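The structure file upload.txt is reproduced below (compact mmCIF, C-alpha atoms and all ligand atoms).
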```
# COMPACT_ATOMS: atom_id res chain seq x y z
CA MET A 5 -2.31 115.67 14.10
CA ASN A 6 -4.17 116.60 17.25
CA VAL A 7 -6.87 114.00 17.85
CA LEU A 8 -9.78 113.98 20.29
CA LEU A 9 -11.44 110.63 20.97
CA GLY A 10 -14.89 110.65 22.57
CA LEU A 11 -15.81 107.49 24.47
CA ALA A 12 -19.29 106.42 25.47
CA GLY A 13 -19.84 103.06 27.14
CA SER A 14 -20.65 100.92 24.10
CA ASP A 15 -18.73 98.11 22.40
CA GLU A 16 -18.23 100.46 19.44
CA SER A 17 -16.44 102.84 21.78
CA ILE A 18 -14.05 100.07 22.82
CA THR A 19 -13.34 99.35 19.17
CA ALA A 20 -12.73 103.05 18.52
CA LEU A 21 -10.39 103.19 21.50
CA ARG A 22 -8.32 100.22 20.34
CA ARG A 23 -8.05 101.45 16.76
CA THR A 24 -7.16 104.97 17.82
CA ILE A 25 -4.48 103.71 20.19
CA ASP A 26 -3.00 101.57 17.41
CA ARG A 27 -2.97 104.51 15.05
CA THR A 28 -1.52 106.86 17.61
CA SER A 29 1.40 104.56 18.39
CA GLU A 30 2.04 104.12 14.68
CA ILE A 31 1.74 107.73 13.53
CA GLY A 32 2.60 109.60 16.69
CA ASP A 33 -0.54 111.80 16.80
CA ASP A 34 -1.31 113.85 19.89
CA LEU A 35 -4.23 112.18 21.60
CA THR A 36 -6.84 113.34 24.08
CA VAL A 37 -9.42 110.85 25.30
CA ALA A 38 -12.68 112.25 26.67
CA VAL A 39 -14.82 109.79 28.61
CA LEU A 40 -18.47 110.73 28.39
CA GLU A 41 -21.25 110.47 30.88
CA LYS A 42 -23.90 108.34 29.25
CA ALA A 43 -26.75 106.54 30.90
CA ASP A 44 -28.07 103.24 29.53
CA THR A 45 -24.79 101.92 28.11
CA GLU A 46 -23.03 98.63 28.77
CA ARG A 47 -20.27 100.29 30.83
CA SER A 48 -20.31 103.10 33.34
CA GLN A 49 -18.18 106.20 32.87
CA GLU A 50 -15.86 104.96 35.61
CA GLU A 51 -15.40 101.53 34.02
CA MET A 52 -14.73 103.16 30.67
CA TYR A 53 -12.22 105.54 32.22
CA ARG A 54 -10.30 102.68 33.81
CA GLN A 55 -10.43 100.66 30.60
CA ALA A 56 -8.98 103.58 28.65
CA GLU A 57 -6.28 104.11 31.27
CA LYS A 58 -5.32 100.44 31.10
CA LEU A 59 -5.21 100.18 27.30
CA LEU A 60 -3.26 103.43 26.97
CA SER A 61 -0.63 102.35 29.45
CA GLU A 62 -0.34 98.87 27.95
CA ALA A 63 0.32 100.46 24.57
CA GLU A 64 2.63 103.00 26.19
CA VAL A 65 0.72 105.81 24.60
CA ASP A 66 0.95 109.10 26.38
CA ALA A 67 -2.49 110.74 26.16
CA GLU A 68 -4.61 113.22 28.06
CA LEU A 69 -7.51 111.47 29.75
CA GLU A 70 -10.58 113.49 30.75
CA ARG A 71 -14.01 112.87 32.22
CA LEU A 72 -16.75 115.05 30.74
CA GLN A 73 -19.94 115.61 32.71
CA GLY A 74 -23.41 116.27 31.38
CA ASP A 75 -25.04 115.47 28.07
CA PRO A 76 -22.53 113.36 26.12
CA GLY A 77 -22.99 115.01 22.70
CA ALA A 78 -23.06 118.58 23.96
CA SER A 79 -20.14 118.14 26.36
CA LEU A 80 -17.97 116.47 23.71
CA VAL A 81 -18.63 119.06 21.02
CA ASP A 82 -18.10 121.83 23.53
CA TYR A 83 -14.77 120.34 24.58
CA ALA A 84 -13.75 119.96 20.92
CA GLU A 85 -14.54 123.61 20.30
CA GLN A 86 -12.36 124.78 23.15
CA GLY A 87 -9.30 122.80 22.09
CA GLU A 88 -7.15 122.90 18.98
CA PHE A 89 -8.17 119.58 17.54
CA ASP A 90 -7.80 118.50 13.92
CA GLN A 91 -10.03 115.50 14.24
CA LEU A 92 -12.74 114.15 16.49
CA VAL A 93 -13.06 110.37 16.62
CA ILE A 94 -16.09 108.46 17.87
CA GLY A 95 -17.24 104.87 17.63
CA GLY A 96 -20.61 104.45 16.05
CA GLY A 97 -22.78 102.31 13.90
CA THR A 98 -24.24 99.08 15.16
CA ILE A 99 -25.48 96.29 12.93
CA SER A 100 -29.08 95.16 13.42
CA PRO A 101 -30.09 91.47 13.25
CA MET A 102 -31.17 92.17 9.65
CA GLY A 103 -27.74 93.54 8.82
CA LYS A 104 -28.80 97.17 8.72
CA ILE A 105 -26.36 99.81 9.85
CA GLN A 106 -27.78 101.99 12.61
CA LEU A 107 -26.30 105.21 13.86
CA GLY A 108 -27.29 106.38 17.31
CA SER A 109 -28.38 109.82 18.41
CA LEU A 110 -24.96 110.67 19.88
CA THR A 111 -23.36 109.94 16.49
CA GLU A 112 -25.88 112.10 14.73
CA PHE A 113 -25.40 114.98 17.15
CA VAL A 114 -21.63 114.89 16.85
CA LEU A 115 -21.65 114.65 13.04
CA LEU A 116 -23.98 117.61 12.75
CA ASN A 117 -22.44 119.82 15.42
CA ALA A 118 -18.72 119.18 15.64
CA PRO A 119 -16.44 122.01 14.47
CA THR A 120 -13.82 119.57 13.14
CA THR A 121 -13.57 116.60 10.82
CA VAL A 122 -15.28 113.64 12.43
CA LYS A 123 -14.01 110.09 12.08
CA LEU A 124 -16.58 107.39 12.69
CA VAL A 125 -15.00 104.07 13.65
CA ARG A 126 -17.16 101.06 12.84
CA MET B 15 -39.99 90.72 27.24
CA PRO B 16 -39.73 93.29 24.45
CA ASP B 17 -37.22 96.11 24.98
CA ARG B 18 -38.99 98.53 22.69
CA VAL B 19 -42.18 100.49 23.08
CA TYR B 20 -45.04 99.09 21.01
CA PRO B 21 -48.44 100.61 20.24
CA ASP B 22 -51.06 100.07 22.94
CA GLY B 23 -53.50 98.60 20.47
CA THR B 24 -53.02 95.69 18.11
CA SER B 25 -53.18 95.85 14.32
CA GLY B 26 -54.80 93.42 11.93
CA PRO B 27 -56.20 91.14 10.77
CA PHE B 28 -53.96 90.93 7.73
CA PRO B 29 -54.40 88.65 4.73
CA ALA B 30 -52.28 85.49 4.79
CA PRO B 31 -50.51 84.07 1.76
CA PRO B 32 -50.90 82.53 -0.72
CA THR B 33 -52.78 85.15 -2.68
CA THR B 34 -52.75 86.07 -6.33
CA ASP B 35 -53.96 89.45 -7.49
CA THR B 36 -53.50 92.04 -10.16
CA ASP B 37 -51.30 95.06 -9.41
CA GLN B 38 -52.09 98.63 -10.44
CA SER B 39 -50.18 98.10 -13.68
CA GLY B 40 -52.27 95.06 -14.62
CA ARG B 41 -49.62 92.45 -13.79
CA GLU B 42 -50.61 89.23 -12.06
CA ILE B 43 -48.63 88.99 -8.81
CA GLU B 44 -48.50 86.06 -6.45
CA TYR B 45 -47.70 86.48 -2.73
CA ARG B 46 -46.20 83.34 -1.32
CA VAL B 47 -44.44 82.10 1.82
CA VAL B 48 -40.96 80.70 1.38
CA GLU B 49 -40.93 77.77 3.80
CA LYS B 50 -37.30 76.93 3.38
CA PHE B 51 -35.13 79.82 2.35
CA ALA B 52 -32.53 77.75 0.49
CA GLY B 53 -31.85 76.23 -2.92
CA GLU B 54 -33.95 77.60 -5.74
CA ALA B 55 -36.04 79.92 -3.56
CA LEU B 56 -32.87 81.52 -2.27
CA GLU B 57 -31.34 81.77 -5.74
CA ASP B 58 -34.46 83.45 -7.17
CA THR B 59 -34.25 86.03 -4.40
CA VAL B 60 -30.51 86.53 -4.93
CA GLU B 61 -31.38 87.22 -8.56
CA MET B 62 -33.88 89.89 -7.55
CA TYR B 63 -31.29 91.67 -5.42
CA VAL B 64 -28.68 91.48 -8.19
CA GLU B 65 -31.18 93.48 -10.28
CA PHE B 66 -31.94 95.90 -7.44
CA ASP B 67 -30.85 99.50 -8.04
CA PRO B 68 -28.28 100.41 -5.35
CA THR B 69 -29.64 103.96 -5.09
CA ASP B 70 -32.59 102.38 -3.25
CA ARG B 71 -30.42 100.62 -0.66
CA ALA B 72 -31.45 101.20 2.93
CA GLN B 73 -28.84 101.39 5.72
CA GLY B 74 -26.40 99.19 3.86
CA ILE B 75 -28.81 96.50 2.70
CA PRO B 76 -29.12 94.88 0.29
CA PRO B 77 -25.37 94.66 -0.18
CA THR B 78 -24.11 94.92 -3.75
CA GLY B 79 -22.54 92.13 -5.78
CA GLU B 80 -23.88 88.61 -6.08
CA GLU B 81 -21.47 87.07 -3.57
CA ARG B 82 -22.21 89.60 -0.83
CA ILE B 83 -25.93 89.39 -1.52
CA ARG B 84 -25.85 85.60 -1.16
CA ASN B 85 -23.82 85.82 2.06
CA TRP B 86 -26.30 88.30 3.53
CA LEU B 87 -29.33 86.17 2.64
CA GLU B 88 -27.66 82.98 3.86
CA ALA B 89 -26.78 84.67 7.14
CA ILE B 90 -30.43 85.53 7.82
CA ALA B 91 -31.95 82.47 6.08
CA GLU B 92 -31.88 79.98 8.94
CA SER B 93 -34.39 81.48 11.32
CA SER B 94 -36.10 84.19 9.26
CA VAL B 95 -39.70 84.36 8.03
CA ASN B 96 -39.99 85.16 4.34
CA VAL B 97 -42.74 86.16 1.94
CA VAL B 98 -42.04 86.94 -1.71
CA ALA B 99 -44.00 88.57 -4.50
CA ARG B 100 -43.66 86.73 -7.78
CA HIS B 101 -44.43 87.82 -11.31
CA GLY B 102 -44.30 84.64 -13.38
CA GLU B 103 -40.99 82.98 -12.59
CA ASP B 104 -39.38 86.09 -11.14
CA VAL B 105 -39.19 87.29 -7.57
CA VAL B 106 -40.04 91.01 -7.73
CA GLY B 107 -40.49 91.73 -4.02
CA HIS B 108 -39.19 90.28 -0.77
CA ALA B 109 -40.31 90.92 2.80
CA VAL B 110 -38.56 89.32 5.75
CA LEU B 111 -38.63 89.07 9.54
CA VAL B 112 -35.47 88.25 11.48
CA PRO B 113 -35.57 87.29 15.18
CA ASP B 114 -33.85 89.83 17.41
CA VAL B 115 -32.09 87.35 19.70
CA ASP B 116 -28.54 86.05 20.09
CA ASP B 117 -29.52 82.41 19.80
CA PRO B 118 -32.54 81.84 17.52
CA ALA B 119 -32.35 78.07 18.09
CA ALA B 120 -33.18 78.58 21.77
CA VAL B 121 -36.41 80.50 21.17
CA GLY B 122 -39.41 78.72 22.64
CA ASP B 123 -42.29 81.10 22.01
CA VAL B 124 -42.02 83.29 18.90
CA GLY B 125 -44.62 85.60 20.48
CA GLU B 126 -42.25 86.49 23.31
CA ILE B 127 -39.43 87.86 21.18
CA GLU B 128 -39.06 90.82 18.83
CA TRP B 129 -38.70 90.52 15.06
CA GLU B 130 -37.00 92.99 12.73
CA LEU B 131 -38.71 93.64 9.41
CA ALA B 132 -37.35 94.67 6.01
CA ILE B 133 -39.06 94.93 2.64
CA PHE B 134 -37.80 95.54 -0.89
CA VAL B 135 -39.66 95.81 -4.18
CA LEU B 136 -37.77 95.79 -7.48
CA GLN B 137 -37.77 99.26 -9.04
CA ALA B 138 -39.77 98.35 -12.15
CA TYR B 139 -42.54 97.06 -9.85
CA GLN B 140 -42.66 99.89 -7.33
CA GLU B 141 -45.64 102.24 -6.91
CA SER B 142 -48.09 99.61 -8.14
CA GLY B 143 -49.40 98.50 -4.78
CA ILE B 144 -47.09 95.50 -4.47
CA GLY B 145 -45.20 96.83 -1.42
CA THR B 146 -48.44 97.34 0.47
CA GLN B 147 -49.73 93.87 -0.36
CA LEU B 148 -46.41 92.20 0.38
CA LEU B 149 -46.14 93.91 3.76
CA LYS B 150 -49.68 92.94 4.71
CA HIS B 151 -49.12 89.33 3.68
CA LEU B 152 -45.91 89.11 5.68
CA LEU B 153 -47.75 90.41 8.75
CA GLY B 154 -50.65 88.02 8.05
CA HIS B 155 -48.24 85.11 7.93
CA ALA B 156 -46.41 86.32 11.05
CA ASP B 157 -49.73 86.45 12.86
CA GLU B 158 -50.44 82.83 11.88
CA LEU B 159 -47.09 81.82 13.35
CA GLY B 160 -47.86 83.58 16.64
CA ILE B 161 -45.43 86.46 16.19
CA ARG B 162 -46.57 89.63 17.97
CA HIS B 163 -43.78 92.21 18.19
CA VAL B 164 -42.38 93.53 14.93
CA TRP B 165 -40.04 96.52 14.57
CA LEU B 166 -38.01 98.17 11.88
CA THR B 167 -35.84 101.16 11.24
CA VAL B 168 -36.19 103.38 8.23
CA GLU B 169 -34.17 106.36 7.11
CA ARG B 170 -36.00 109.49 8.21
CA TRP B 171 -36.16 110.90 4.70
CA ASN B 172 -37.72 107.73 3.24
CA THR B 173 -41.22 109.20 3.41
CA PRO B 174 -42.90 106.71 1.03
CA ALA B 175 -41.75 103.82 3.21
CA ILE B 176 -42.74 105.57 6.47
CA ALA B 177 -46.20 106.36 5.07
CA LEU B 178 -46.60 102.74 4.03
CA TYR B 179 -45.64 101.47 7.50
CA GLU B 180 -47.95 103.93 9.23
CA ARG B 181 -50.85 102.91 7.06
CA VAL B 182 -50.69 99.28 8.24
CA GLY B 183 -50.32 100.27 11.90
CA PHE B 184 -46.64 100.87 12.68
CA GLU B 185 -45.97 103.67 15.15
CA PRO B 186 -42.72 105.44 16.09
CA THR B 187 -41.10 103.80 19.13
CA GLY B 188 -39.40 106.99 20.26
CA THR B 189 -35.91 106.03 19.20
CA GLU B 190 -34.72 108.13 16.34
CA SER B 191 -31.58 109.58 14.84
CA PHE B 192 -30.87 109.30 11.13
CA GLU B 193 -33.22 106.36 11.29
CA GLN B 194 -36.74 106.29 12.58
CA GLU B 195 -37.55 103.20 14.61
CA MET B 196 -41.14 101.94 14.38
CA GLY B 197 -43.08 99.06 15.89
CA ILE B 198 -46.35 97.20 15.43
CA LEU B 199 -48.21 94.84 17.75
CA LEU B 200 -50.05 91.92 16.14
CA GLU B 201 -53.18 90.35 17.62
C1 LIG C 1 -40.77 101.03 0.23
C2 LIG C 1 -41.19 100.05 -0.86
C3 LIG C 1 -41.07 98.64 -0.35
C4 LIG C 1 -42.63 100.34 -1.26
O1 LIG C 1 -43.02 99.43 -2.26
P1 LIG C 1 -44.08 99.80 -3.40
O2 LIG C 1 -44.41 98.57 -4.12
O3 LIG C 1 -43.56 100.95 -4.16
O4 LIG C 1 -45.30 100.27 -2.49
P2 LIG C 1 -46.75 100.62 -2.95
O5 LIG C 1 -46.86 100.64 -4.44
O6 LIG C 1 -47.68 99.72 -2.23
O7 LIG C 1 -46.85 102.10 -2.43
C5 LIG C 1 -47.21 102.45 -1.14
C6 LIG C 1 -47.50 103.93 -1.13
O8 LIG C 1 -46.29 104.67 -1.23
C7 LIG C 1 -46.32 105.53 -2.35
N1 LIG C 1 -44.99 105.53 -2.95
C8 LIG C 1 -44.24 104.44 -3.21
N2 LIG C 1 -43.05 104.83 -3.70
C9 LIG C 1 -43.06 106.17 -3.76
C10 LIG C 1 -42.13 107.14 -4.17
N3 LIG C 1 -40.92 106.81 -4.63
N4 LIG C 1 -42.46 108.43 -4.07
C11 LIG C 1 -43.68 108.80 -3.59
N5 LIG C 1 -44.60 107.91 -3.18
C12 LIG C 1 -44.30 106.62 -3.27
C13 LIG C 1 -47.34 104.94 -3.26
O9 LIG C 1 -47.91 105.93 -4.10
C14 LIG C 1 -48.35 104.37 -2.29
O10 LIG C 1 -49.22 105.37 -1.80
P3 LIG C 1 -50.79 105.24 -2.04
O11 LIG C 1 -51.19 103.93 -1.44
O12 LIG C 1 -51.32 106.42 -1.34
O13 LIG C 1 -50.96 105.27 -3.52
C15 LIG C 1 -40.33 100.22 -2.14
O14 LIG C 1 -40.42 101.54 -2.57
C16 LIG C 1 -38.89 99.86 -1.96
O15 LIG C 1 -38.48 98.71 -2.11
N6 LIG C 1 -38.05 100.86 -1.67
C17 LIG C 1 -36.63 100.71 -1.54
C18 LIG C 1 -36.24 99.97 -0.30
C19 LIG C 1 -36.77 100.58 0.93
O16 LIG C 1 -36.70 101.78 1.13
N7 LIG C 1 -37.33 99.74 1.79
C20 LIG C 1 -37.85 100.20 3.03
C21 LIG C 1 -36.84 100.13 4.11
S1 LIG C 1 -36.40 98.45 4.49
```

Please go through the file and, once you have read it, give me the structure as structure tokens.
Amino acid sequence: MNVLLGLAGSDESITALRRTIDRTSEIGDDLTVAVLEKADTERSQEEMYRQAEKLLSEAEVDAELERLQGDPGASLVDYAEQGEFDQLVIGGGTISPMGKIQLGSLTEFVLLNAPTTVKLVR
Amino acid sequence: MPDRVYPDGTSGPFPAPPTTDTDQSGREIEYRVVEKFAGEALEDTVEMYVEFDPTDRAQGIPPTGEERIRNWLEAIAESSVNVVARHGEDVVGHAVLVPDVDDPAAVGDVGEIEWELAIFVLQAYQESGIGTQLLKHLLGHADELGIRHVWLTVERWNTPAIALYERVGFEPTGTESFEQEMGILLE
């Protein structure tokens, strides 16, 4: 399967990255990792890019690594449309103090607009 | 300081518990603070959620199954503020505030931090005015404690709940996706 992983700067993105790397080394999917430009997150795009590079090489997974500029949702969906991807993976869903699941606006945009199956890693 | 955007003006005053009144179906309902959310008080509330119809769940809560319900309530019990609606011996509604901080034990002034609100009324008791009363009494009690910033999220299509929140003074904070985030500022 040809998988595209979109990474913002959140903790959920790190979780999605780790899980996707594990799955890729197990199954042997083709993986492309797109690092998004997103303001107001815990990590900058550059930090996230380096983190992805490090985890991929530690796991000895051979993946395409890309930086996407501009609005994170629009740039990711646009990139997905231009490639031949079977699945788009994003991290999403935080848990509030109450225990409520909350999906952010990036998650909503991607679920509603992506041309492919979307996998939401929680 | 609060991270979210709250209304410029304050809302209130709200009635404080305990209160007993008659709902729109003629049932006598008591609104009461649960000082210590443990033991029997906790078990009565677990029982309410066991009865709760899962089609009315909101963003994953309440969980289903007695064990998961108890774990959820125990996890928030320690530092939460709770008001219940009782009909006779039964808990038929529950409204709760949970502090939005990593370490609730370290909170000095409850007025400085933000509190997340949730409210549930058992299906057989809905649309009788209990939700409105319960919400007002929780806010009245919160006000007594010195709490000022209360927020919640609600699924965008849950129009009865959104209308209820707006009526007491909640306003959208600007953050929305599948959920609408709303906030209220107490006096
Ligand atoms: C939201 C909730 C707490 C409201 O409790 P309630 O006891 O039904 O509330 P009230 O009877 O005070 O009703 C408040 C208003 O909403 C209206 N309303 C309540 N449920 C409604 C429904 N299903 N459809 C249309 N209107 C509804 C009532 O008519 C009333 O309006 P009015 O004052 O103009 O007559 C309750 O419906 C509930 O527990 N829902 C499931 C959980 C949930 O969604 N919680 C909110 C997110 S945490």

Using all atoms listed in the file, what residues lie at most 10 Å away from (-2.3, 106.3, 15.3) (file coordinates), given as a PyMOL selection string?
chain A and resi 5+7+22-35+65

Would you mind listing the residues within 6 Å of ligand LIG 1 (chain C), counting only C-alpha atoms and all ligand atoms, as a list in words?
Asp70, Arg71, Ala72, Ala132, Ile133, Phe134, Val135, Gln140, Glu141, Ser142, Gly143, Ile144, Gly145, Thr146, Val168, Pro174, Ala175 and Leu178 of chain B

Rank A:Ile18, A:Leu124, A:Met102, A:Val114 by their smallest atom-to-atom distance to chain B, using all atoms listed in the file, and report the top residue only.
A:Met102

Please identify every residue of chain A that has at least one atom no more than 8 Å from any atom of chain B, counting only C-alpha atoms, and report them as a PDB file with C-alpha atoms, keeping the file's coordinate frame.
```
ATOM      1  CA  PRO A 101     -30.090  91.470  13.250  1.00  0.00           C
ATOM      2  CA  MET A 102     -31.170  92.170   9.650  1.00  0.00           C
ATOM      3  CA  GLY A 103     -27.740  93.540   8.820  1.00  0.00           C
ATOM      4  CA  LYS A 104     -28.800  97.170   8.720  1.00  0.00           C
ATOM      5  CA  ILE A 105     -26.360  99.810   9.850  1.00  0.00           C
ATOM      6  CA  GLN A 106     -27.780 101.990  12.610  1.00  0.00           C
ATOM      7  CA  LEU A 107     -26.300 105.210  13.860  1.00  0.00           C
ATOM      8  CA  GLY A 108     -27.290 106.380  17.310  1.00  0.00           C
ATOM      9  CA  SER A 109     -28.380 109.820  18.410  1.00  0.00           C
ATOM     10  CA  GLU A 112     -25.880 112.100  14.730  1.00  0.00           C
TER      11      GLU A 112
END
```

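For the pair CA of Ala30 (chain B) and CA of Ile198 (chain B), the interatomic distance is 16.9 Å.
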
Pick out the closest residue to Glu88 (chain A) from this set: A:Glu62, A:Gly10, A:Leu69, A:Pro119. Count all atoms listed in the file.
A:Pro119

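Reported to one decimal place, the separation of CA of Asp66 (chain A) from CA of Thr36 (chain A) is 9.2 Å.
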
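From CA of Asp104 (chain B) back to CA of Gly160 (chain B), the distance works out to 29.2 Å.
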
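Within 10 Å of Glu50 (chain A), once all atoms listed in the file are used and residues closer than 2 positions along the same chain are dropped, the contacting residues are Gly13, Val39, Leu40, Glu41, Arg47, Ser48, Met52, Tyr53, Arg54, Gln55, Ala56 and Arg71 of chain A.
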
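Using all atoms listed in the file, the smallest distance between any of B:Gly154, B:Gly183, B:Gly107, B:Pro27 and Glu44 (chain B) comes from B:Gly107.
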
Tell me, as JSON, numbers by chain, which residues lie within 10 Å of Thr121 (chain A), counting all atoms listed in the file; anything in the same chain fewer than 6 positions away does not count.
{"A": [89, 90, 91, 92, 93, 115]}

For Gly95 (chain A), which residue out of A:Val125, A:Asn117, A:Leu8, A:Leu21 is the nearest one, using all atoms listed in the file?
A:Val125

May I have the centre and edge lengths, in Å to one decimal, of an axis-aligned box around the listed atoms of region 20-38 of chain A with 5 Å added to every side, as JSON?
```
{"center_x": -5.1, "center_y": 107.0, "center_z": 20.1, "size_x": 25.3, "size_y": 23.6, "size_z": 23.1}
```
